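Printed here is work.txt (compact mmCIF, C-alpha atoms):
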# COMPACT_ATOMS: atom_id res chain seq x y z
CA MET A 1 39.58 -48.73 -62.85
CA ASP A 2 36.27 -50.39 -63.58
CA GLY A 3 35.79 -48.46 -66.81
CA ALA A 4 32.60 -47.05 -68.19
CA GLU A 5 29.99 -49.31 -66.54
CA SER A 6 27.28 -47.22 -64.93
CA ASP A 7 25.93 -48.00 -61.47
CA GLU A 8 22.68 -49.18 -63.01
CA GLN A 9 24.55 -51.56 -65.33
CA LEU A 10 26.44 -52.98 -62.38
CA VAL A 11 23.18 -53.49 -60.49
CA ARG A 12 21.71 -55.34 -63.46
CA ARG A 13 24.84 -57.47 -63.71
CA TYR A 14 24.52 -58.28 -60.03
CA GLN A 15 20.83 -59.11 -60.43
CA ALA A 16 21.81 -61.47 -63.25
CA GLY A 17 24.02 -63.37 -60.83
CA ASN A 18 27.42 -61.66 -61.09
CA ALA A 19 28.66 -61.26 -57.51
CA GLU A 20 31.73 -59.31 -58.56
CA ALA A 21 29.54 -56.43 -59.70
CA PHE A 22 28.61 -55.84 -56.07
CA GLU A 23 32.27 -55.57 -55.09
CA ILE A 24 32.82 -52.92 -57.74
CA LEU A 25 29.82 -50.98 -56.42
CA VAL A 26 31.28 -51.15 -52.91
CA GLU A 27 34.66 -49.84 -54.04
CA ARG A 28 33.01 -47.12 -56.05
CA HIS A 29 30.77 -45.83 -53.26
CA ASP A 30 32.32 -46.77 -49.93
CA ARG A 31 34.05 -43.43 -49.48
CA ARG A 32 30.90 -41.44 -50.12
CA VAL A 33 28.86 -43.66 -47.81
CA TYR A 34 31.50 -43.51 -45.09
CA ASN A 35 31.77 -39.73 -45.32
CA LEU A 36 28.03 -39.33 -45.02
CA CYS A 37 27.91 -41.63 -41.99
CA LEU A 38 30.90 -39.92 -40.40
CA ARG A 39 29.37 -36.45 -40.65
CA ILE A 40 25.96 -37.61 -39.42
CA LEU A 41 27.21 -39.83 -36.61
CA GLY A 42 30.38 -37.94 -35.68
CA ASP A 43 32.37 -41.06 -34.80
CA PRO A 44 34.72 -43.03 -37.10
CA GLU A 45 33.93 -46.44 -35.61
CA GLU A 46 30.20 -45.93 -35.73
CA ALA A 47 30.57 -44.59 -39.25
CA ALA A 48 32.47 -47.72 -40.32
CA ASP A 49 29.78 -49.93 -38.75
CA ALA A 50 26.96 -47.95 -40.32
CA SER A 51 28.74 -48.08 -43.70
CA GLN A 52 29.00 -51.84 -43.43
CA ASP A 53 25.31 -52.09 -42.44
CA THR A 54 24.42 -49.86 -45.40
CA PHE A 55 26.07 -52.14 -47.93
CA LEU A 56 24.71 -55.30 -46.31
CA VAL A 57 21.17 -53.93 -46.46
CA ALA A 58 21.80 -52.69 -49.99
CA LEU A 59 22.98 -56.15 -50.98
CA ARG A 60 19.84 -57.74 -49.58
CA LYS A 61 17.58 -55.22 -51.27
CA LEU A 62 19.42 -54.94 -54.58
CA HIS A 63 16.98 -57.36 -56.17
CA THR A 64 14.21 -54.83 -55.47
CA PHE A 65 16.04 -51.89 -57.09
CA ARG A 66 14.21 -51.21 -60.34
CA GLY A 67 15.90 -47.99 -61.44
CA GLU A 68 13.11 -45.49 -60.83
CA ALA A 69 15.56 -43.42 -58.83
CA ALA A 70 19.25 -43.05 -59.54
CA PHE A 71 21.30 -45.71 -57.79
CA THR A 72 23.11 -43.07 -55.74
CA THR A 73 19.80 -41.62 -54.54
CA TRP A 74 18.70 -45.11 -53.53
CA LEU A 75 22.00 -45.73 -51.79
CA HIS A 76 21.77 -42.40 -49.98
CA ARG A 77 18.37 -43.43 -48.66
CA VAL A 78 19.76 -46.72 -47.35
CA THR A 79 22.70 -44.85 -45.81
CA VAL A 80 20.52 -42.31 -44.01
CA ASN A 81 18.34 -45.12 -42.65
CA ALA A 82 21.39 -47.00 -41.40
CA CYS A 83 22.53 -43.81 -39.66
CA TYR A 84 19.13 -43.27 -38.08
CA ASP A 85 19.27 -46.86 -36.80
CA SER A 86 22.65 -46.17 -35.29
CA LEU A 87 21.40 -42.97 -33.67
CA ARG A 88 18.33 -44.77 -32.33
CA ARG A 89 20.52 -47.39 -30.72
CA LYS A 90 22.62 -44.72 -29.07
CA ARG A 91 19.66 -42.82 -27.76
CA ARG A 92 20.11 -43.95 -24.17
CA ARG A 93 22.41 -40.92 -23.88
CA PRO A 94 21.01 -37.45 -24.47
CA LEU A 95 22.44 -35.86 -27.59
CA LEU A 96 24.27 -33.05 -25.79
CA HIS A 97 26.40 -35.49 -23.82
CA VAL A 98 27.81 -37.11 -26.92
CA VAL A 99 30.36 -34.32 -27.34
CA VAL A 100 31.66 -34.53 -23.74
CA GLU A 101 31.52 -38.29 -23.20
CA GLY A 102 33.15 -38.88 -26.54
CA GLN A 103 36.39 -37.53 -25.19
CA GLU A 104 36.35 -39.42 -21.92
CA ASP A 105 35.19 -42.84 -22.96
CA ARG A 106 37.57 -43.68 -25.74
CA PRO A 107 41.16 -42.99 -26.65
CA GLU A 108 41.25 -40.26 -29.30
CA PRO A 109 40.59 -42.01 -32.61
CA ALA A 110 42.97 -41.11 -35.40
CA PRO A 111 41.45 -38.10 -37.17
CA PRO A 112 40.09 -38.84 -40.64
CA VAL A 113 42.66 -38.12 -43.31
CA GLU A 114 41.93 -34.67 -44.72
CA ASP A 115 42.82 -32.62 -47.76
CA PRO A 116 45.46 -30.06 -46.68
CA ALA A 117 43.58 -26.91 -47.74
CA PRO A 118 43.33 -23.85 -45.46
CA ARG A 119 39.98 -23.40 -43.69
CA VAL A 120 38.49 -20.56 -41.72
CA GLU A 121 37.19 -22.86 -38.99
CA LEU A 122 39.24 -25.79 -37.74
CA SER A 123 37.51 -28.81 -39.24
CA VAL A 124 37.85 -30.68 -35.95
CA ASP A 125 35.72 -27.96 -34.34
CA VAL A 126 33.19 -28.11 -37.14
CA ALA A 127 32.87 -31.89 -36.92
CA ARG A 128 32.39 -31.61 -33.17
CA ALA A 129 29.87 -28.78 -33.47
CA LEU A 130 27.95 -30.77 -36.06
CA ARG A 131 27.17 -33.37 -33.42
CA GLU A 132 25.34 -30.72 -31.44
CA VAL A 133 22.94 -30.02 -34.26
CA PRO A 134 19.59 -31.81 -33.85
CA GLU A 135 19.62 -34.99 -35.95
CA GLU A 136 16.88 -34.03 -38.37
CA PHE A 137 18.63 -30.77 -39.30
CA ARG A 138 22.05 -32.38 -39.21
CA VAL A 139 21.08 -34.96 -41.84
CA ALA A 140 19.73 -32.14 -44.02
CA ILE A 141 22.88 -30.02 -43.95
CA VAL A 142 25.19 -32.99 -44.37
CA LEU A 143 23.31 -33.97 -47.53
CA ALA A 144 23.15 -30.37 -48.77
CA ASP A 145 26.45 -28.80 -47.77
CA VAL A 146 28.79 -31.76 -47.23
CA GLU A 147 27.49 -34.11 -49.88
CA ASP A 148 26.40 -31.20 -52.11
CA LEU A 149 23.16 -32.78 -53.27
CA PRO A 150 20.53 -30.65 -55.03
CA TYR A 151 17.47 -30.03 -52.89
CA GLU A 152 15.24 -32.06 -55.18
CA ARG A 153 17.53 -35.07 -54.66
CA ILE A 154 17.52 -34.60 -50.91
CA ALA A 155 13.73 -34.47 -51.03
CA GLU A 156 13.76 -37.85 -52.82
CA VAL A 157 16.21 -39.34 -50.37
CA LEU A 158 14.29 -38.24 -47.30
CA GLY A 159 10.80 -38.56 -48.77
CA ILE A 160 9.79 -35.00 -47.84
CA PRO A 161 8.88 -31.88 -49.87
CA VAL A 162 11.64 -29.60 -51.17
CA GLY A 163 10.35 -26.73 -49.02
CA THR A 164 10.77 -28.82 -45.89
CA VAL A 165 14.30 -29.71 -46.96
CA LYS A 166 15.20 -26.04 -47.35
CA SER A 167 13.66 -25.19 -44.01
CA ARG A 168 15.63 -27.93 -42.25
CA VAL A 169 18.79 -26.86 -44.05
CA PHE A 170 18.32 -23.30 -42.81
CA ARG A 171 17.77 -24.38 -39.22
CA GLY A 172 20.65 -26.84 -39.41
CA ARG A 173 23.03 -24.21 -40.73
CA ALA A 174 21.90 -21.78 -38.02
CA ALA A 175 22.34 -24.41 -35.33
CA LEU A 176 25.82 -25.24 -36.61
CA GLY A 177 26.78 -21.57 -36.70
CA ARG A 178 25.57 -21.08 -33.13
CA ALA A 179 27.40 -24.23 -31.97
CA LEU A 180 30.58 -22.79 -33.43
CA GLY A 181 30.13 -19.64 -31.38
CA GLU A 182 31.34 -16.26 -32.57
CA PRO A 183 32.11 -16.11 -36.30
CA SER A 184 35.80 -15.94 -37.28
CA ARG A 185 36.83 -17.11 -33.82
CA SER A 186 39.92 -18.86 -35.16
CA SER A 187 41.03 -15.91 -37.27
CA ARG A 188 40.65 -13.65 -34.25
CA ALA A 189 42.80 -16.04 -32.23
CA SER A 190 45.55 -15.94 -34.82
CA GLU A 191 45.44 -12.15 -34.83
CA GLU A 192 46.08 -12.15 -31.11
CA GLU A 193 49.08 -14.38 -31.53
CA ALA A 194 50.61 -12.19 -34.21
CA MET B 1 4.76 -13.83 -37.60
CA SER B 2 5.93 -16.72 -39.80
CA HIS B 3 9.54 -16.89 -40.85
CA PRO B 4 10.56 -17.54 -44.47
CA HIS B 5 13.18 -20.19 -43.71
CA GLU B 6 13.04 -21.72 -47.19
CA LEU B 7 13.68 -18.35 -48.79
CA LEU B 8 16.51 -17.64 -46.38
CA THR B 9 18.18 -20.80 -47.58
CA ASP B 10 17.79 -19.60 -51.16
CA LEU B 11 19.19 -16.24 -50.08
CA LEU B 12 22.35 -17.82 -48.68
CA ASP B 13 22.68 -20.02 -51.76
CA GLY B 14 22.35 -16.99 -54.00
CA THR B 15 19.35 -18.42 -55.85
CA LEU B 16 16.74 -15.92 -54.71
CA ASP B 17 15.17 -13.84 -57.48
CA ALA B 18 14.72 -10.09 -57.18
CA ASP B 19 11.02 -10.13 -56.25
CA ALA B 20 11.44 -12.73 -53.54
CA ARG B 21 14.51 -10.86 -52.34
CA ALA B 22 12.49 -7.73 -51.73
CA GLY B 23 10.00 -9.66 -49.61
CA VAL B 24 12.76 -11.31 -47.59
CA ASP B 25 14.53 -7.99 -46.98
CA ALA B 26 11.26 -6.51 -45.75
CA HIS B 27 10.90 -9.38 -43.29
CA LEU B 28 14.48 -9.15 -42.09
CA ALA B 29 14.03 -5.44 -41.42
CA VAL B 30 11.44 -6.24 -38.75
CA CYS B 31 12.63 -9.63 -37.46
CA PRO B 32 15.75 -9.65 -35.27
CA SER B 33 15.62 -13.42 -34.66
CA CYS B 34 15.77 -14.09 -38.39
CA ARG B 35 18.67 -11.66 -38.71
CA GLU B 36 20.54 -13.56 -36.01
CA ASP B 37 19.65 -16.93 -37.49
CA LEU B 38 20.75 -15.76 -40.89
CA ALA B 39 24.14 -14.67 -39.58
CA ALA B 40 24.59 -18.01 -37.82
CA ALA B 41 23.40 -19.91 -40.89
CA ALA B 42 25.97 -18.11 -43.05
CA VAL B 43 28.72 -19.30 -40.70
CA GLY B 44 27.27 -22.81 -40.59
CA ARG B 45 26.97 -23.03 -44.37
CA THR B 46 30.59 -22.04 -44.91
CA ALA B 47 31.79 -24.35 -42.17
CA ALA B 48 29.87 -27.38 -43.45
CA ARG B 49 30.98 -26.76 -47.03
CA GLY B 50 34.55 -26.55 -45.79
CA LEU B 51 34.55 -29.98 -44.16
CA PRO B 52 37.12 -32.15 -45.87
CA SER B 53 36.15 -35.46 -47.38
CA ALA B 54 37.33 -38.12 -44.94
CA ARG B 55 38.93 -41.32 -46.09
CA PRO B 56 37.42 -44.50 -44.73
CA PRO B 57 39.59 -47.11 -42.99
CA VAL B 58 41.71 -48.84 -45.61
CA ASP B 59 40.12 -52.23 -45.04
CA LEU B 60 36.50 -51.06 -45.14
CA PRO B 61 35.69 -52.35 -48.65
CA ASP B 62 37.23 -55.73 -47.79
CA ARG B 63 35.32 -55.93 -44.52
CA ILE B 64 32.09 -55.21 -46.33
CA VAL B 65 32.68 -57.74 -49.08
CA VAL B 66 33.76 -60.43 -46.63
CA ALA B 67 30.72 -59.76 -44.43
CA ALA B 68 28.46 -59.87 -47.43
CA SER B 69 29.75 -62.94 -49.21
CA GLY B 70 29.09 -66.28 -47.64
CA GLY B 71 30.76 -68.45 -50.23
CA GLY B 72 28.67 -67.71 -53.29
CA PRO B 73 24.99 -68.20 -54.12
CA SER B 74 23.31 -71.57 -54.00
CA SER B 75 26.37 -73.62 -54.94
CA ALA B 76 26.33 -77.12 -53.59
CA PHE B 77 29.55 -76.49 -51.68
CA ALA B 78 28.13 -73.40 -50.00
CA ARG B 79 25.03 -75.29 -48.92
CA TRP B 80 27.04 -78.19 -47.55
CA ASN B 81 29.34 -75.75 -45.80
CA ARG B 82 26.39 -74.01 -44.17
CA TRP B 83 24.82 -77.14 -42.73
CA ALA B 84 28.16 -78.63 -41.86
CA GLY B 85 28.80 -75.55 -39.74
CA VAL B 86 25.54 -76.22 -37.94
CA VAL B 87 26.62 -79.72 -36.94
CA ALA B 88 29.83 -78.42 -35.41
CA VAL B 89 28.20 -75.57 -33.53
CA ALA B 90 25.33 -77.76 -32.31
CA ALA B 91 27.92 -80.13 -30.87
CA VAL B 92 29.81 -77.26 -29.29
CA VAL B 93 26.69 -75.68 -27.86
CA ALA B 94 25.62 -79.01 -26.37
CA VAL B 95 29.01 -79.24 -24.65
CA ILE B 96 28.55 -75.78 -23.19
CA ALA B 97 25.06 -76.63 -22.01
CA LEU B 98 26.45 -79.60 -20.11
CA ALA B 99 29.60 -77.97 -18.77
CA LEU B 100 28.24 -74.59 -17.70
CA PRO B 101 24.75 -75.12 -16.34
CA GLU B 102 24.83 -71.88 -14.35
CA ILE B 103 25.10 -69.71 -17.43
CA GLY B 104 21.33 -69.28 -17.42
CA GLY B 105 21.57 -67.61 -14.04
CA ALA B 106 24.25 -65.12 -14.99
CA PRO B 107 22.90 -63.24 -17.97
CA ASP B 108 25.54 -60.52 -17.75
CA ARG B 109 28.43 -62.95 -17.95
CA PRO B 110 30.64 -61.71 -20.76
CA ALA B 111 30.36 -63.86 -23.84
CA GLN B 112 34.13 -64.06 -24.23
CA GLU B 113 34.33 -66.44 -21.30
CA VAL B 114 32.37 -69.01 -23.24
CA ALA B 115 34.83 -70.68 -25.57
CA LEU B 116 33.12 -71.33 -28.86
CA PRO B 117 35.62 -72.85 -31.22
CA GLY B 118 35.12 -71.76 -34.78
CA ALA B 119 33.11 -74.07 -36.98
CA THR B 120 35.87 -75.22 -39.29
CA GLU B 121 35.75 -78.16 -41.63
CA SER B 122 38.21 -80.05 -39.47
CA THR B 123 35.72 -80.25 -36.62
CA LEU B 124 33.02 -81.62 -38.87
CA ASP B 125 31.49 -84.99 -38.80
CA ALA B 126 31.78 -86.73 -42.13
CA ALA B 127 28.05 -87.43 -41.95
CA GLY B 128 26.31 -85.54 -44.72
CA ALA B 129 22.98 -85.53 -42.89
CA ALA B 130 21.74 -81.94 -42.69
CA ALA B 131 20.96 -81.60 -38.99
CA VAL B 132 19.37 -78.21 -38.37
CA PRO B 133 18.57 -76.91 -34.90
CA ALA B 134 15.21 -78.19 -33.67
CA LEU B 135 12.51 -75.85 -34.98
CA GLU B 136 11.13 -73.94 -32.02
CA GLU B 137 7.39 -73.32 -32.28
CA SER B 138 6.34 -70.11 -30.58
CA ASP B 139 3.12 -68.10 -30.51
CA ARG B 140 5.03 -64.94 -29.71
CA ASN B 141 4.57 -61.93 -31.97
CA TYR B 142 8.05 -60.39 -32.30
CA ARG B 143 8.56 -56.70 -33.00
CA GLU B 144 11.65 -54.89 -34.35
CA GLN B 145 12.88 -54.05 -30.88
CA ASP B 146 12.61 -57.69 -29.79
CA LEU B 147 15.10 -58.74 -32.45
CA THR B 148 17.98 -56.93 -30.80
CA ALA B 149 17.20 -58.66 -27.52
CA LEU B 150 17.16 -61.98 -29.35
CA VAL B 151 20.69 -61.58 -30.65
CA SER B 152 22.07 -59.89 -27.56
CA ASP B 153 20.93 -62.52 -25.10
CA VAL B 154 23.90 -64.91 -25.12
CA THR B 155 22.21 -67.40 -22.81
CA ALA B 156 19.35 -67.78 -25.26
CA LEU B 157 21.80 -68.63 -28.03
CA ARG B 158 22.21 -72.09 -26.62
CA ALA B 159 20.24 -74.58 -28.64
CA SER B 160 17.40 -76.18 -26.75
CA SER B 161 18.64 -78.96 -24.52
CA ALA B 162 17.29 -81.59 -26.93
CA PRO B 163 20.01 -82.67 -29.36
CA ALA B 164 19.73 -81.36 -32.89
CA VAL B 165 17.48 -83.70 -34.80
CA ALA B 166 16.54 -83.50 -38.44
CA THR B 167 12.77 -83.00 -38.63
CA SER B 168 10.73 -82.44 -41.74
CA SER B 169 9.23 -79.17 -40.50
CA GLY B 170 12.68 -77.99 -39.44
CA GLU B 171 14.08 -78.78 -42.86
CA ALA B 172 11.21 -77.00 -44.59
CA ALA B 173 11.90 -73.95 -42.44
CA ALA B 174 15.63 -74.10 -43.10
CA ASP B 175 14.93 -74.50 -46.79
CA CYS B 176 12.70 -71.41 -46.82
CA VAL B 177 15.37 -69.42 -45.00
CA GLY B 178 17.99 -70.70 -47.43
CA ARG B 179 15.90 -69.55 -50.37
CA ALA B 180 15.39 -66.11 -48.86
CA LEU B 181 19.05 -65.57 -48.12
CA THR B 182 20.28 -66.53 -51.63
CA GLU B 183 23.83 -66.15 -50.40
CA ALA B 184 24.83 -68.36 -47.49
CA PRO B 185 25.47 -66.19 -44.43
CA PRO B 186 29.04 -66.60 -43.20
CA GLY B 187 28.30 -68.45 -40.01
CA ALA B 188 26.31 -71.21 -38.40
CA LEU B 189 22.60 -71.45 -37.73
CA VAL B 190 22.02 -71.90 -34.01
CA ARG B 191 18.32 -71.24 -33.58
CA LEU B 192 15.37 -71.61 -35.85
CA ILE B 193 12.10 -70.22 -34.50
CA HIS B 194 8.66 -70.34 -36.04
CA ALA B 195 6.68 -67.40 -34.66
CA ARG B 196 5.15 -64.18 -35.87
CA PHE B 197 6.85 -60.90 -36.76
CA ALA B 198 4.70 -57.80 -36.69
CA GLY B 199 1.70 -60.08 -37.09
CA THR B 200 3.08 -62.02 -40.05
CA ASP B 201 3.85 -65.74 -39.90
CA ALA B 202 7.65 -65.89 -39.94
CA TYR B 203 10.80 -67.85 -39.29
CA LEU B 204 13.51 -66.26 -37.19
CA ALA B 205 16.91 -67.71 -38.05
CA VAL B 206 19.72 -66.88 -35.64
CA TYR B 207 23.29 -67.25 -36.89
CA LEU B 208 26.59 -67.00 -35.09
CA GLU B 209 29.19 -65.36 -37.30
CA GLY B 210 32.86 -64.89 -36.87
CA PRO B 211 35.71 -63.18 -38.70
CA GLY B 212 36.52 -66.50 -40.33
CA ALA B 213 39.81 -68.45 -40.48
CA GLY B 214 38.81 -70.65 -37.58
CA GLU B 215 38.31 -67.69 -35.25
CA ALA B 216 35.59 -67.84 -32.61
CA PRO B 217 32.22 -66.28 -33.51
CA ASP B 218 31.86 -62.67 -32.44
CA THR B 219 28.53 -61.63 -33.90
CA ALA B 220 24.99 -62.92 -33.62
CA VAL B 221 22.62 -62.18 -36.48
CA VAL B 222 18.91 -62.86 -36.86
CA TRP B 223 17.11 -62.95 -40.20
CA VAL B 224 13.32 -62.78 -40.19
CA ILE B 225 11.82 -64.64 -43.16
CA SER B 226 8.16 -64.73 -44.11
CA VAL B 227 6.74 -68.25 -44.13
CA GLU B 228 4.34 -67.55 -46.97
CA ASP B 229 6.79 -66.45 -49.66
CA CYS B 230 10.24 -66.87 -48.07
CA ALA B 231 11.06 -63.19 -48.30
CA ILE B 232 13.26 -61.25 -45.91
CA LEU B 233 11.17 -59.21 -43.49
CA SER B 234 13.86 -57.93 -41.14
CA PHE B 235 17.32 -58.31 -39.74
CA ALA B 236 19.27 -57.49 -36.59
CA GLN B 237 22.72 -58.12 -35.27
CA ALA B 238 24.76 -57.76 -32.11
CA GLN B 239 28.40 -58.14 -31.16
CA LEU B 240 28.87 -60.93 -28.70
Take the structure from the file and write it as structure tokens.
Amino acid sequence: MDGAESDEQLVRRYQAGNAEAFEILVERHDRRVYNLCLRILGDPEEAADASQDTFLVALRKLHTFRGEAAFTTWLHRVTVNACYDSLRRKRRRPLLHVVVEGQEDRPEPAPPVEDPAPRVELSVDVARALREVPEEFRVAIVLADVEDLPYERIAEVLGIPVGTVKSRVFRGRAALGRALGEPSRSSRASEEEA
Amino acid sequence: MSHPHELLTDLLDGTLDADARAGVDAHLAVCPSCREDLAAAAVGRTAARGLPSARPPVDLPDRIVVAASGGGPSSAFARWNRWAGVVAVAAVVAVIALALPEIGGAPDRPAQEVALPGATESTLDAAGAAAVPALEESDRNYREQDLTALVSDVTALRASSAPAVATSSGEAAADCVGRALTEAPPGALVRLIHARFAGTDAYLAVYLEGPGAGEAPDTAVVWVISVEDCAILSFAQAQL
């Protein structure tokens, strides 16, 4: 492992001309960035592309990073912007169609590798339902509930007040719950089978 | 009636203090839509928190690092490599311009039909002269959305029909771009345009990039560099 070097130390090393420091930053953060992109964009290929874009932009802008915010906050901001760019490019199709067309257009991508813990809702259903949540609210709940960031951090990432973050989180959670339909649908189904 | 969405988030998170709780309960007692939203939000919160952490494709870090590194910062080898790539692609593009004159009339022709051999050292002229594409002077004011069109329009990626000639203004432009992009982009410069971007005097440098190892280019990238201080203003890319 890369030992005790903090993100900020790696950035300074990179700024001093050490290219390898960037590679370590990539390996340290690529999973987090990918996960964020995957939950916002809902598609593994787009998530991989947006992750790559994120790190390329980060590389170009690393010389401007002065450490006022934590590196992860800064990286989250770059990630969210890369995702918004991806969503903007896709906007020729209305958001609702993404769920349907996604199944027709492509062969089923291999599902992301998951931890084998029991869940109330099938995570495939949750990931699909998440795509139905309006983008602004989706970004908020992915940062809050998937990434588990404190609201103050999310406010920094998005550049909005904490109150607005909480409001978007509430509406995002409600939209997700509605998209999933009746609560405990899967547990009801298993009762019927029993 | 206004709805206390922020407080309802705190309620679900369990961070609401007793006083605020009383106020929220009073509101919920008279607001059925908030009661419904709250029930849905509880489901959504649990569902989102239960999403597993997905693993990225195994090669993602490598892809990123390869895409990012162009052969090191301003090493002499990297610089030579960059311009040498230009000579090869300029020659290739000139061949295409001669052999396929109708390409300008078929803008939707898939790019794969145009065989662009990779710019490898073996195709290079031994001449060390840094021949950059002729600097195109334009009074157009590009905007962000124009950049995508620039890299997506395969027909426009042909160099101008004039052969690549080293000019002093072209070299100054290429130099400014080189300074802005401290690390040599992995690819070959095919167009160099002097225009404006969002009102600012700028160079637009279009590169063709490929996966490397002599493979044909598959991506077009444009970097927008300010003329005044050689700083990066913007960037766009498209798969060919």
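The two atoms in question, atom CA of Arg91 of chain A and atom CA of Gln145 of chain B, are spaced 13.5 Å apart.
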Spatial neighbours of Leu130 of chain A, 8 Å, all atoms listed in the file, chain gap at least 5 places, as a CSV table (one decimal) with C-alpha atoms, in the frame of the given file:
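After the write, result20.csv holds the following:
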chain,number,residue,atom,x,y,z
A,39,ARG,CA,29.4,-36.4,-40.6
A,40,ILE,CA,26.0,-37.6,-39.4
A,42,GLY,CA,30.4,-37.9,-35.7
A,138,ARG,CA,22.0,-32.4,-39.2
A,176,LEU,CA,25.8,-25.2,-36.6
A,179,ALA,CA,27.4,-24.2,-32.0
Practice problem: Please provide the set of residues having any atom within 8 Å of Tyr207 of chain B, restricted to only C-alpha atoms, with same-chain residues fewer than 5 positions apart removed, written as a ChimeraX atom specification. | Solution: /B:185,187-191,220-222
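One finds atom CA of Tyr14 of chain A at 25.8 Å from atom CA of Glu228 of chain B.
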Exercise. Between atom CA of Arg21 of chain B and atom CA of Arg45 of chain B, measure the distance and give it in Å to one decimal.
Key: 19.2 Å
Quiz prompt | Spatial sel., origin (13.5, -71.9, -45.9), limit 12 Å, all atoms listed in the file, listed as a PyMOL selection string | solution = chain B and resi 132+135+168-182+184+192-194+202-205+223-232
Quiz item: Given the choices A:Leu122, A:Val142, A:Ala174, A:Leu59, which gets closest to chain B if the distance is worked out from all atoms listed in the file?
Solution: A:Ala174
Restrict the calculation to all atoms listed in the file, then for each residue of chain B with any atom at most 7 Å from an atom of chain A give the closest atom pair and their distance in Å to one decimal, rows by chain and rising residue number, as a tab-separated table.
residue	atom	partner	partner_atom	distance
B:His5	CA	A:Ser167	CA	5.0
B:Glu6	CA	A:Ser167	CA	4.7
B:Leu8	CA	A:Phe170	CA	6.9
B:Thr9	CA	A:Phe170	CA	5.4
B:Asp37	CA	A:Ala174	CA	5.4
B:Leu38	CA	A:Ala174	CA	6.8
B:Ala40	CA	A:Gly177	CA	4.3
B:Ala41	CA	A:Ala174	CA	3.7
B:Val43	CA	A:Gly177	CA	5.0
B:Gly44	CA	A:Gly177	CA	4.1
B:Arg45	CA	A:Arg173	CA	5.5
B:Ala47	CA	A:Val126	CA	6.4
B:Ala48	CA	A:Asp145	CA	5.7
B:Arg49	CA	A:Asp145	CA	5.0
B:Gly50	CA	A:Arg119	CA	6.6
B:Leu51	CA	A:Ser123	CA	5.9
B:Pro52	CA	A:Glu114	CA	5.6
B:Ser53	CA	A:Glu114	CA	6.4
B:Ala54	CA	A:Pro112	CA	5.2
B:Arg55	CA	A:Val113	CA	5.6
B:Pro56	CA	A:Arg31	CA	5.9
B:Pro61	CA	A:Glu27	CA	6.0
B:Ile64	CA	A:Gln52	CA	5.4
B:Val65	CA	A:Glu23	CA	6.4
B:Ala68	CA	A:Leu56	CA	6.0
Exercise. Find the spatial neighbours of His27 of chain B, counting only C-alpha atoms, within a cut-off of 12 Å - ignore same-chain residues fewer than 3 positions away - and output them as an MDAnalysis selection string.
Key: chainID B and resid 1:5 7:8 20:24 30:35 38
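Counting only C-alpha atoms and comparing A:Ala50, A:Ala70, A:Ala58, A:Leu41, the residue that lies closest to Gln9 of chain A is A:Ala70.
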